[in-house]
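Participant: Below you'll find the structure I mean.
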Amino acid sequence: MVKVKDIVSYFENICPFSLCEEWDNVGLLIGSEENEVKKILVCLDVDKYVAEEAAKCGANLIISHHPVIFHPMKKITEKDESAVITLIKNDISVFSAHTNLDVATGGLNDYLAKKLGLKNTEILVPTGEYNKKTVGYGRAASLEKPISFGEIIKSTAKILGAQNLRYVGDTKRMIGKIAVNSGGGASMADACFEKEVDLYITGDFKYSSARDCAEKGLCIIDAGHYETEIIACEWFAEKLNEKFDLEVIKSQKNVNVIKYLR
């Protein structure tokens with residue numbers, strides 16, 4: 001019998017909670033460690049739709065990248081915190097791995113780099129050390145041979161399912177070194193100049209930041225926060241299947257709330 005605490009302990013070894021930022025909220029956020037795990041739903045975000053999805057499909061543990069409880073909660077009512085109400089009423093536990101998963105060795109940024117075909121990566125922004133290995137945000141790598149920016153734009157869109165990505169730079173430019181950073185990594189763009197990166201792939205770029213990068217000669221692909229992190233579902237499922245004989249379901253209700261006029 002697998003209990004919630006067994007799942008929590010497993011991920012504590014892979015992406016230690018001590019690696020998370022001070023402002024973050026990770027680990028078991030709702031439920032009991034002693035509950036038996038019957039079925040697991042993995043997702044990026046936990047909202048009322050995901051909570052209802054878990055209840056309907058019989059999943060009693062949700063594993064998410066973004067914490068279900070992040071900002072201080074002043075009240076929990078049917079109207080104001082419907083997701084939490086649904087989870088508690090249906091005895092559904094929620095475990096979240098956020099910035100600790102971003103920086104961990106073999107975590108989300110390594111997974112993103114691998115999906116995009118990067119090899120022999122180095123950490124873009126080091127944050128510390130764990131088990132004598134440096135950990136941190138983003139990954140950077142030199143390509144075996146330069147590829148045109150235009151080709152990389154197309155392949156990135158296809159791999160991440162990013163139909164509305166934004167980019168900055170000349171599509172004919174040949175790219176020799178790429179950096180990636182899952183989620184909203186625009187604030188770490190300066191690290192790309194230190195490592196002589198030609199192209200930075202991340203999400204959530206503001207116009208002023210994108211313009212600064214353009215003036216300094218850094219190409220950008222803003223593939224979206226959701227698109228660069230929804231892959232956490234794949235990562236969670238792979239890790240769980242390696243260790244446990246449990247049914248793992250990827251959420252179908254955790255969709256991108258940002259829509260585009262076509």
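Ligands are numbered from 1 in the order shown, chains are lettered A, B, ... in the order of the structure tokens, and residues start at 1 in each chain.
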Which range 136-212 of chain A residues have any atom within 12 Å of an atom of range 232-251 of chain A, and for each, what is the nearest pair of atoms with distance in Å to one decimal, counting only C-alpha atoms, rows sorted by chain and number, as JSON lines?

Facilitator:
```
{"residue": "A:Leu160", "atom": "CA", "partner": "A:Ala232", "partner_atom": "CA", "distance": 11.8}
{"residue": "A:Ser182", "atom": "CA", "partner": "A:Ala232", "partner_atom": "CA", "distance": 9.7}
{"residue": "A:Gly183", "atom": "CA", "partner": "A:Ala232", "partner_atom": "CA", "distance": 10.7}
```

Participant: Could you give me the residues within range 8-194 of chain A that DSSP places in alpha helix (DSSP H), as number ranges by chain?

Facilitator: A: 8-14, 48-57, 82-89, 99-103, 108-115, 149-160, 190-194

Participant: Let me make sure I understand: among A:Glu53, A:Asp212, A:Asp204, A:Asp6, which one has the smallest atom-to-atom distance to Glu229 in chain A if we use only C-alpha atoms?

Facilitator: A:Asp204

Participant: Do you know which residues are at most 7 Å from range 107-124 of chain A counting only C-alpha atoms, after dropping those on the same chain fewer than 5 positions away, and could you put them as a list of chain:residue names?

Facilitator: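 Result of the neighbour search: A:Leu101, A:Asp102, A:Gly136, A:Tyr137, A:Gly138, A:Arg139, A:Ala140, A:Ala141, A:Thr156, A:Val180, A:Asn181, A:Ser182, A:Ala191, A:Ala232.
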
Participant: Write the residues of the selection above to a file with all heavy atoms, as a compact mmCIF listing (two decimals), in the first residue's frame.

Facilitator:
```txt
# COMPACT_ATOMS: atom_id res chain seq x y z
N LEU A 101 11.77 22.31 -7.86
CA LEU A 101 11.81 21.50 -9.08
C LEU A 101 12.50 22.25 -10.21
O LEU A 101 13.18 21.65 -11.04
CB LEU A 101 10.39 21.10 -9.50
CG LEU A 101 10.25 20.28 -10.78
CD1 LEU A 101 11.07 19.00 -10.69
CD2 LEU A 101 8.78 19.95 -11.04
N ASP A 102 12.34 23.57 -10.24
CA ASP A 102 12.99 24.39 -11.27
C ASP A 102 14.51 24.29 -11.21
O ASP A 102 15.18 24.21 -12.23
CB ASP A 102 12.60 25.86 -11.11
CG ASP A 102 11.15 26.14 -11.47
OD1 ASP A 102 10.59 25.39 -12.29
OD2 ASP A 102 10.58 27.10 -10.92
N GLY A 136 20.42 25.42 -9.82
CA GLY A 136 20.04 26.77 -10.20
C GLY A 136 19.05 26.80 -11.34
O GLY A 136 18.63 25.77 -11.88
N TYR A 137 18.68 28.02 -11.72
CA TYR A 137 17.68 28.24 -12.76
C TYR A 137 18.29 28.20 -14.16
O TYR A 137 19.42 28.63 -14.38
CB TYR A 137 17.01 29.60 -12.57
CG TYR A 137 16.17 29.70 -11.34
CD1 TYR A 137 16.64 30.32 -10.19
CD2 TYR A 137 14.88 29.15 -11.31
CE1 TYR A 137 15.87 30.41 -9.05
CE2 TYR A 137 14.10 29.24 -10.18
CZ TYR A 137 14.59 29.86 -9.05
OH TYR A 137 13.82 29.94 -7.90
N GLY A 138 17.50 27.71 -15.11
CA GLY A 138 17.88 27.75 -16.51
C GLY A 138 19.02 26.81 -16.86
O GLY A 138 19.77 26.34 -15.99
N ARG A 139 19.13 26.53 -18.15
CA ARG A 139 20.23 25.72 -18.66
C ARG A 139 20.71 26.35 -19.97
O ARG A 139 19.93 26.92 -20.73
CB ARG A 139 19.78 24.27 -18.92
CG ARG A 139 19.26 23.54 -17.68
CD ARG A 139 20.35 23.31 -16.66
NE ARG A 139 19.88 22.53 -15.50
CZ ARG A 139 19.42 23.06 -14.38
NH1 ARG A 139 19.34 24.38 -14.26
NH2 ARG A 139 19.06 22.29 -13.38
N ALA A 140 22.00 26.23 -20.24
CA ALA A 140 22.58 26.78 -21.47
C ALA A 140 23.49 25.75 -22.10
O ALA A 140 24.11 24.94 -21.40
CB ALA A 140 23.38 28.05 -21.17
N ALA A 141 23.54 25.76 -23.43
CA ALA A 141 24.38 24.79 -24.14
C ALA A 141 24.74 25.30 -25.52
O ALA A 141 23.96 26.01 -26.16
CB ALA A 141 23.66 23.45 -24.26
N THR A 156 10.72 24.92 -31.91
CA THR A 156 10.31 25.20 -30.53
C THR A 156 8.79 25.24 -30.43
O THR A 156 8.20 24.67 -29.50
CB THR A 156 10.89 26.53 -30.03
OG1 THR A 156 12.32 26.47 -30.06
CG2 THR A 156 10.44 26.84 -28.61
N VAL A 180 17.75 28.14 -21.94
CA VAL A 180 16.32 27.96 -21.69
C VAL A 180 16.05 28.16 -20.21
O VAL A 180 16.94 27.96 -19.37
CB VAL A 180 15.84 26.55 -22.12
CG1 VAL A 180 16.10 26.32 -23.60
CG2 VAL A 180 16.51 25.45 -21.28
N ASN A 181 14.82 28.57 -19.91
CA ASN A 181 14.43 28.76 -18.52
C ASN A 181 12.92 28.61 -18.46
O ASN A 181 12.19 29.39 -19.07
CB ASN A 181 14.85 30.13 -18.02
CG ASN A 181 14.94 30.20 -16.50
OD1 ASN A 181 14.51 29.30 -15.80
ND2 ASN A 181 15.50 31.28 -16.00
N SER A 182 12.43 27.60 -17.77
CA SER A 182 10.99 27.35 -17.73
C SER A 182 10.25 28.44 -16.98
O SER A 182 10.76 29.03 -16.03
CB SER A 182 10.72 26.00 -17.07
OG SER A 182 11.18 25.99 -15.74
N ALA A 191 22.01 37.06 -17.40
CA ALA A 191 22.95 35.94 -17.30
C ALA A 191 23.35 35.41 -18.67
O ALA A 191 24.43 34.83 -18.83
CB ALA A 191 22.32 34.81 -16.47
N ALA A 232 5.75 19.87 -17.02
CA ALA A 232 5.93 19.31 -15.68
C ALA A 232 5.04 18.08 -15.50
O ALA A 232 5.40 17.15 -14.77
CB ALA A 232 5.59 20.35 -14.62
```

Participant: Using only C-alpha atoms, determine which residues lie at most 7 Å from range 11-20 of chain A, disregarding the query and same-chain residues fewer than 3 positions distant; provide the list as number ranges by chain.

Facilitator: A: 7-8, 24, 26-27, 99-101, 104
